[in-house]
Amino acid sequence: MSDGSGAPSSAGPKSAYFLAHQDEEVERRTLAVLVDNEPGVLARVVGLFSGRGYNIDSLTVAEVDESSHQSRITIVTQGTPHILEQIEAQLLRLVPVGEVVDITKSKRGIERELALIKVAEKGEKRVEALRIAQIFRANVIDTTNESFIFELTGASDKISQFVELMRPLGLVEVSRTGVLSIKRGKEKG
Amino acid sequence: MTVKTRKKTETRLMTGAEMVIEALREQGVDVLFGYPGGAVLPIYDALHSAPELQHVLVRHEQGAGHAAEGYARSTGKCGVALVTSGPGATNMVTPITDAMMDSIPMVVICGQVPTHLIGTDAFQEADTTGITRSCAKHNYLVTDVDQLARTIHEAFHIATSGRPGPVVIDVPKDVQFANGTYVGKDGVHKPTYSPRIQPQPEAIAAAADLITRAKRPVLYTGGGVINSGPRASELLRQLQKETGIPVTSTLMGLGAFPASHKDWLGMVGMHGSFEANNAMHDCDLMLCVGARFDDRVTGRIDAFSPNSKKVHIDIDPSSINKIVRVDVPIVADCAAALDALIAALKLRTGKRPDLKPWKAEIDAWRARRCFAYENSDTVIKPQYAIERLYALTKDRNPYITTEVGQHQMWAAQFFHFDQPNHWMTSGGLGTMGYGLPAAVGVQCAHPDALVIDIAGEASIQMMMQELSTAVQHKLPVKVFILNNEWMGMVRQWQELLHGERYSHSYSQSLPDFVKLAEAMGGHGLRCDDPKELDAKILEMIEIDGPVLFDCRVENTENCLPMIPSGSAHNEMILGQITGNEIGESGRKLV
Ligand SMILES: Cc1ncc(C[n+]2csc(CCOP(=O)(O)OP(=O)(O)O)c2C)c(N)n1
Ligand SMILES: [Mg+2]
């Protein structure tokens, strides 16, 4: 036992319970948060993330059941397993939050995103853009002599890949919804 | 609004302001703390014709909040505060945050500008729900008078159930004037909100098994035991009797287990006892009941109790595995979990390990007498002052509140509690200015009790004006100031961490507290001689009215023992501070 008369010893046994593990891998997760659609509920969820220093990579929200005023918020976040566990528990502390579903961990999760992509070029590049769009099954929803707007639905990385391909072909701007999610099978949640 | 009516309840027509009063009445509120202003005038008007509801007019809205907290902590009931919009609401932010950190049930009703003016930067408009969103357990802006009564009932339910906390209700002035339908509290429930109360039987079984095998167990208890109600304290004592396990507690949990018990270890943590901290460090089983592994308790986290199995009972799932990974998490109300644990232990009749060797080790730590100090017969030592205050008042079963600083820690070390709900201190937020208004709230709840705020000369000046509240409402609170002429805790850290450069921590231009008390209509006492201390304390107790006691103590006494930030439980400073205790990384911690 040290009696504290000198400098603190840095020896001493390391606890197996030290939680701020530096070696824990950061993981990416998609969470579906089912909430009562009451004023300020989105601010509560977003405020929780900023206040506690958690990441938000993407966020979508809309009312999904008008009669019971239920909204579904899909959040893509990153953190160590410990942080992710805290995020879930902290979300459930919020009074209007009814349920948090970890879509990524469930294995049965499906994630989709919608993007609108504007490309402006002439000649060869314009033809190439259209050809790639067909491969990706993107729809053309607006066109002028010098531009297209593509509409593309799919997994986020597919959209990112498409955007990269459009970059040398006259990419002007991108608008993405963020990730939506649901689980396969007949059960809810 | 998504509040649903479960069963039909009686409904009546009335104004929003009348609904507020009616809902408070139905919730069993007998006293509220408040301050009027333009945006709550209709509610104050309704209050005018409700003489059975005692309204305590404070001198600053922060005082109303802390008074509501003091009321709540000393009764187990919900505290209620009523304030106006804008500055009234922003003045409440500190007590709301304080109540959130310490899990104190409180409902705050704020006036707001009329709905049609919201968002226009109207006079005394503040975005109260926006400002309090992250510091309250929940909040509401009520824009429809028909939702007002339900909202208030729901607010009380949320404030008092699960892990308790503050709930804010923002009521625009036009909603207070409007006529609507009142609904009773029975009709209200919130489907998304259902805290878990009962423990999981497998977890209880696992915990009971660990107890039957432990050779070096320790009970680490916290404010959750107090919040759970007197039955939890009783069950804790029962569990301890059944098992003989030594008990320590956080600052928040003092009183849940009697300090006079032979197995009481004293408080744990930064200024806790040597025996408590060493027992936490060296135990093989830690039973955490309603505590949350706060950094003031754990010290250096990677050296925290390295060889123990840990059981954690907490009603808030987010507290579990937040700071320290535990082996057996039990999400439940403390009383329910303790009850189940006692029952499970009764079934396990096998012979348990003898705790005598463990207790002998603890006795050796006790023998270090970590709270020993060098007394003086010329100056009053702060520790001595608290010792005498305790000795001379304990038979009256006093309620103690504190401010924040060294005096708070000395109070925790030298005042002893045998019952729950008698110790009110700002633990999580550490709010200077808490103690006097909290004492006002306690005294309202217990008019005949002895209520003492143990204060520092710096802290007391933060909410000094509430002495006037005490005078007006004939609340005979005693403020016992350990006047060391320094922000002592700041001075101590500067001595320890900043090369004795005492930057702005001297309490200059101090008022004459005796004259100040008299000017405010209270009584003033002063003592600077240890030989006169007892007589003066007795004089203070006998005075029928608020007293400010200016107890002049040793100016530069340090509060020891201490685990410096970033150090482990077994690296306590016991004797003198040398200035070399804290490493570079520790210096960056708070
Ligand atoms: C509102 C607030 N401001 C600042 C602090 C930081 N602080 C902690 S203790 C302390 C000094 C308290 O001095 P005093 O009340 O005289 O108590 P002492 O430590 O001397 O017993 C200060 C400034 C705080 N806890 N609360
Ligand atoms: Mg002081």
# chains A, B, ... in the order shown; residues from 1 in each chain; ligands from 1
>>> residues_near_ligand(ligand="ligand 2", cutoff="12 Å", atoms="only C-alpha atoms and all ligand atoms", output="JSON, numbers by chain")
{"B": [382, 403, 404, 405, 406, 407, 408, 410, 432, 454, 455, 456, 457, 458, 459, 460, 461, 480, 481, 482, 483, 484, 485, 486, 487, 488, 489, 490, 491, 492, 505, 506, 507, 508, 510, 550, 551, 552, 553, 554, 555, 556, 557, 558, 559]}
>>> residues_around(residues="Ser160 (chain A)", least_positions_apart="3", cutoff="12 Å", atoms="only C-alpha atoms", output="count of residues only")
21
>>> interface_residues(of="chain B", to="chain A", cutoff="8 Å", atoms="only C-alpha atoms", output="PyMOL selection string")
chain B and resi 1-2+133-134+137-138+191-193+301-307+316-318+321-326+567+570-575+578+580-583
>>> residues_around(residues="Glu128 (chain A)", least_positions_apart="4", cutoff="12 Å", atoms="only C-alpha atoms", output="list in words")
Val119, Ala120, Glu121, Lys122, Gly123, Glu124, Ile132, Ala133, Gln134, Ile135, Phe148, Leu165, Met166, Arg167, Pro168, Leu169 and Gly170 of chain A
>>> residues_around(residues="Asp377 (chain B)", least_positions_apart="2", cutoff="9 Å", atoms="only C-alpha atoms", output="list of chain:residue names")
B:Asn375, B:Val379, B:Ile380, B:Asp529, B:Pro530, B:Lys531
>>> select_by_dssp(residues="region 118-335 of chain B", states="strand (DSSP E)", output="ChimeraX atom specification")
/B:138-141,166-172,179-183,188-189,217-221,247-249,264-267,285-289,309-314,328-331
>>> select_by_dssp(residues="region 246-377 of chain B", states="alpha helix (DSSP H)", output="JSON, numbers by chain")
{"B": [274, 275, 276, 277, 278, 279, 280, 281, 282, 295, 296, 297, 298, 334, 335, 336, 337, 338, 339, 340, 341, 342, 343, 344, 345, 346, 347, 356, 357, 358, 359, 360, 361, 362, 363, 364, 365, 366]}
>>> residues_around(residues="region 514-524 of chain B", least_positions_apart="2", cutoff="6 Å", atoms="only C-alpha atoms", output="VMD selection string")
chain B and resid 468 512 546 to 549
>>> residues_around(residues="region 55-59 of chain B", least_positions_apart="5", cutoff="9 Å", atoms="only C-alpha atoms", output="mmCIF file with C-alpha atoms, in the first residue's frame")
data_model
loop_
_atom_site.group_PDB
_atom_site.id
_atom_site.type_symbol
_atom_site.label_atom_id
_atom_site.label_comp_id
_atom_site.auth_asym_id
_atom_site.auth_seq_id
_atom_site.Cartn_x
_atom_site.Cartn_y
_atom_site.Cartn_z
ATOM 1 C CA ASP B 30 -48.515 21.046 -0.503
ATOM 2 C CA VAL B 31 -45.751 23.569 -1.144
ATOM 3 C CA LEU B 32 -44.194 25.140 -4.205
ATOM 4 C CA PHE B 33 -41.289 27.515 -4.592
ATOM 5 C CA GLY B 34 -41.609 30.333 -7.030
ATOM 6 C CA TYR B 35 -41.212 33.843 -8.303
ATOM 7 C CA PRO B 36 -43.821 35.746 -10.334
ATOM 8 C CA LEU B 47 -52.830 30.659 -6.693
ATOM 9 C CA ALA B 64 -36.638 28.140 -6.001
ATOM 10 C CA ALA B 67 -35.375 24.682 -2.491
ATOM 11 C CA PRO B 437 -31.993 27.427 -0.639
ATOM 12 C CA GLY B 441 -36.867 23.674 1.086
ATOM 13 C CA CYS B 444 -40.606 23.860 4.685
ATOM 14 C CA MET B 463 -27.386 32.521 -2.808
ATOM 15 C CA GLN B 465 -30.364 36.537 -0.619
ATOM 16 C CA GLU B 466 -32.365 33.424 0.312
ATOM 17 C CA LEU B 467 -31.834 34.269 3.978
ATOM 18 C CA SER B 468 -34.507 36.840 3.330
ATOM 19 C CA THR B 469 -36.832 34.070 2.129
ATOM 20 C CA ALA B 470 -36.174 32.207 5.367
ATOM 21 C CA GLN B 472 -40.197 36.017 5.483
ATOM 22 C CA HIS B 473 -41.489 32.480 5.804
#
>>> residues_around(residues="Phe274 (chain B)", least_positions_apart="6", cutoff="10 Å", atoms="only C-alpha atoms", output="list in words")
Asp3 of chain A; Leu265, Gly266, Met267, Val268, Met280, Ile362, Trp365, Arg366, Ala367, Arg368, Arg369, Cys370, Phe371, Pro561, Met562, Ile563, His569, Asn570, Glu571, Met572, Ile573 and Leu574 of chain B
>>> atom_distance(atom1="CA of Ala276 (chain B)", atom2="CA of Val328 (chain B)")
21.9 Å
>>> atom_distance(atom1="atom 8 (C, counted along the ligand's line) of ligand 1", atom2="CA of Pro105 (chain B)")
24.4 Å
